[in-house]
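Report on the structure given below.
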Amino acid sequence: MRIASWNVNSVRQRLAPLLDYLREAAPDVLCLQELKCEDAAFPRVEIEDAGYNVATLGQKTFNGVAILAKRPIEDVTRGLPGFENDPQARYIEAVVAHETRGVFRVASIYAPNGNPPDTDKYPYKLAFMEALIAHAQGLLRFEEALVLAGDYNVIPGLGDVYDPQAWAGDALFRPETRARFQTLLHLGFTDALRAVTDAPGLYTFWDYQSGAWQKNHGLRIDHLLLSPQAADRLLSVAIDKGLRAGPKPSDHVPIRADFS
DNA sequence: ATGACCTAACTTTTAGGA
């Protein structure tokens with residue numbers, strides 16, 4: 001069972017590399033963020049023709065999340081429970097069956113950026129994270145294989161950013177932000193990448209500006225958080241950074257995990 | 001180096017991203 005997450009920065013601009021990725025990496029489930037289109041404009045037919053079912057929560061211009069899966073997508077929840085008044089499309093959750101080993105519950109999450117931190121964008125980011133913590137705590141009671149996948153807009157630690165000092169005051173790296181990410185982990189989730197390696201410099205995002213990719217000025221902000229039942233079945237984790245050097249790249253690359 | 005990008009939109013500038 002292969003589950004991946006990718007902030008595509010406009011699904012319509014990314015359609016060709018997305019179809020390539022579905023064919024080459026062949027994830028069973030792919031969570032997408034930053035669709036930047038309404039549901040009616042989502043390239044549903046092209047993705048269904050590639051062999052995937054589709055569940056979306058779109059929005060004009062900004063945000064937007066989706067779950068793609070080879071198997072049927074069931075019990076879809078659109079919007080983060082407990083944060084229902086949010087006008088921004090940042091959360092979709094569903095259940096996908098494994099061929100032989102029960103089901104996985106999967107969420108595709110696009111947490112707010114939160115910059116600049118001296119504006120109301122930062123308390124909005126923290127409020128989203130607190131609602132996510134509350135909802136995740138409830139989900140753990142199901143004792144299911146659960147993957148909370150997405151762009152958290154959180155740099156968890158010093159090894160997850162090319163220049164920690166330069167990012168000290170940023171909304172992605174402030175202590176209040178990292179503390180809430182840690183609270184989420186302390187509920188009982190496993191940061192999938194950190195379950196397989198302690199290596200620094202494993203990034204999922206490189207800004208389009210300033211030659212960030214060429215200089216490897218990256219951030220690790222896309223994460224797969226695993227319930228105990230998912231963590232017990234984790235086989236491997238990979239970051240598909242090659243896509244950042246390919247044609248029409250997103251500024252994020254996919255992160256994926258394989259499960260038994 | 002004070003530089004450098006990309007996307008969507010009631011587009012020819014602006015807002016948002018991170």
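Please note that chains go A, B, ... in the order of the structure tokens, that every chain numbers its residues from 1, and that ligands are numbered from 1 in the order shown.
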With only C-alpha atoms (C1' of nucleotides) counted and 9 Å as the cut-off, give the residues of chain A in contact with chain B, each with its shortest interatomic distance in Å and the pair that gives it, as JSON lines.
{"residue": "A:Asn9", "atom": "CA", "partner": "B:DT7", "partner_atom": "C1'", "distance": 7.7}
{"residue": "A:Ser10", "atom": "CA", "partner": "B:DT7", "partner_atom": "C1'", "distance": 7.3}
{"residue": "A:Gln13", "atom": "CA", "partner": "B:DT7", "partner_atom": "C1'", "distance": 8.7}
{"residue": "A:Lys36", "atom": "CA", "partner": "B:DA8", "partner_atom": "C1'", "distance": 7.9}
{"residue": "A:Lys60", "atom": "CA", "partner": "B:DA8", "partner_atom": "C1'", "distance": 8.7}
{"residue": "A:Thr61", "atom": "CA", "partner": "B:DA8", "partner_atom": "C1'", "distance": 5.5}
{"residue": "A:Phe62", "atom": "CA", "partner": "B:DG16", "partner_atom": "C1'", "distance": 8.2}
{"residue": "A:Asn113", "atom": "CA", "partner": "B:DA18", "partner_atom": "C1'", "distance": 6.9}
{"residue": "A:Asn115", "atom": "CA", "partner": "B:DA18", "partner_atom": "C1'", "distance": 8.0}
{"residue": "A:Asn153", "atom": "CA", "partner": "B:DA18", "partner_atom": "C1'", "distance": 8.0}
{"residue": "A:Leu172", "atom": "CA", "partner": "B:DA18", "partner_atom": "C1'", "distance": 8.0}
{"residue": "A:Phe205", "atom": "CA", "partner": "B:DA18", "partner_atom": "C1'", "distance": 9.0}
{"residue": "A:Asp207", "atom": "CA", "partner": "B:DA18", "partner_atom": "C1'", "distance": 7.3}
{"residue": "A:Tyr208", "atom": "CA", "partner": "B:DC5", "partner_atom": "C1'", "distance": 4.6}
{"residue": "A:Gln209", "atom": "CA", "partner": "B:DC5", "partner_atom": "C1'", "distance": 4.5}
{"residue": "A:Ser210", "atom": "CA", "partner": "B:DA4", "partner_atom": "C1'", "distance": 4.9}
{"residue": "A:Gly211", "atom": "CA", "partner": "B:DA4", "partner_atom": "C1'", "distance": 7.1}
{"residue": "A:Ser250", "atom": "CA", "partner": "B:DC6", "partner_atom": "C1'", "distance": 8.9}
{"residue": "A:Asp251", "atom": "CA", "partner": "B:DC6", "partner_atom": "C1'", "distance": 8.8}
From stretch 23-177 of chain A, collect each residue whose DSSP state is alpha helix (DSSP H) and return the set as a ChimeraX atom specification. /A:23-24,44-49,121-140,175-177
Residues at most 8 Å from A:Trp6, counting only C-alpha atoms (C1' of nucleotides), excluding those fewer than 5 positions away in the same chain, as a PyMOL selection string? chain A and resi 30-33+150-151+222+252-255
Grab the residues selected above and save them as an mmCIF file, in the first residue's frame with N, CA and C atoms.
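Result file again_16.cif:
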data_model
loop_
_atom_site.group_PDB
_atom_site.id
_atom_site.type_symbol
_atom_site.label_atom_id
_atom_site.label_comp_id
_atom_site.auth_asym_id
_atom_site.auth_seq_id
_atom_site.Cartn_x
_atom_site.Cartn_y
_atom_site.Cartn_z
ATOM 1 N N LEU A 30 -3.072 9.162 -3.495
ATOM 2 C CA LEU A 30 -2.292 10.400 -3.617
ATOM 3 C C LEU A 30 -3.136 11.554 -3.100
ATOM 4 N N CYS A 31 -2.606 12.229 -2.073
ATOM 5 C CA CYS A 31 -3.260 13.412 -1.517
ATOM 6 C C CYS A 31 -2.662 14.644 -2.200
ATOM 7 N N LEU A 32 -3.530 15.516 -2.696
ATOM 8 C CA LEU A 32 -3.074 16.738 -3.373
ATOM 9 C C LEU A 32 -3.482 17.959 -2.565
ATOM 10 N N GLN A 33 -2.623 18.994 -2.630
ATOM 11 C CA GLN A 33 -2.947 20.281 -2.017
ATOM 12 C C GLN A 33 -2.661 21.409 -3.007
ATOM 13 N N GLY A 150 0.007 15.824 4.182
ATOM 14 C CA GLY A 150 -0.197 17.129 3.574
ATOM 15 C C GLY A 150 0.926 18.120 3.788
ATOM 16 N N ASP A 151 0.609 19.342 3.353
ATOM 17 C CA ASP A 151 1.492 20.492 3.519
ATOM 18 C C ASP A 151 1.104 21.153 4.832
ATOM 19 N N ASP A 222 6.248 19.231 4.200
ATOM 20 C CA ASP A 222 5.201 18.270 3.816
ATOM 21 C C ASP A 222 5.449 16.984 4.600
ATOM 22 N N HIS A 252 6.855 22.344 -4.474
ATOM 23 C CA HIS A 252 6.907 21.188 -3.560
ATOM 24 C C HIS A 252 7.112 19.911 -4.378
ATOM 25 N N VAL A 253 7.672 18.876 -3.731
ATOM 26 C CA VAL A 253 7.744 17.546 -4.339
ATOM 27 C C VAL A 253 6.954 16.556 -3.486
ATOM 28 N N PRO A 254 6.575 15.415 -4.060
ATOM 29 C CA PRO A 254 5.804 14.429 -3.290
ATOM 30 C C PRO A 254 6.660 13.745 -2.219
ATOM 31 N N ILE A 255 5.971 13.392 -1.133
ATOM 32 C CA ILE A 255 6.535 12.470 -0.133
ATOM 33 C C ILE A 255 5.617 11.260 -0.115
#
Do a neighbour search on A:Ile73 at 9 Å with only C-alpha atoms (C1' of nucleotides), toss out local chain neighbours closer than 2 positions, and write the hits as a PyMOL selection string. chain A and resi 53-55+67-71+75-76+94-97
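Among the candidates A:Ala127, A:Leu243, A:Ala26, A:Leu193, the residue lying nearest to A:Ala257 is A:Leu193 (atoms considered: only C-alpha atoms).
Take the candidates A:Ser260, A:Ser5, A:Phe128, A:Gln214 and check each one against A:Ala245 using only C-alpha atoms; the shortest distance goes to A:Gln214.
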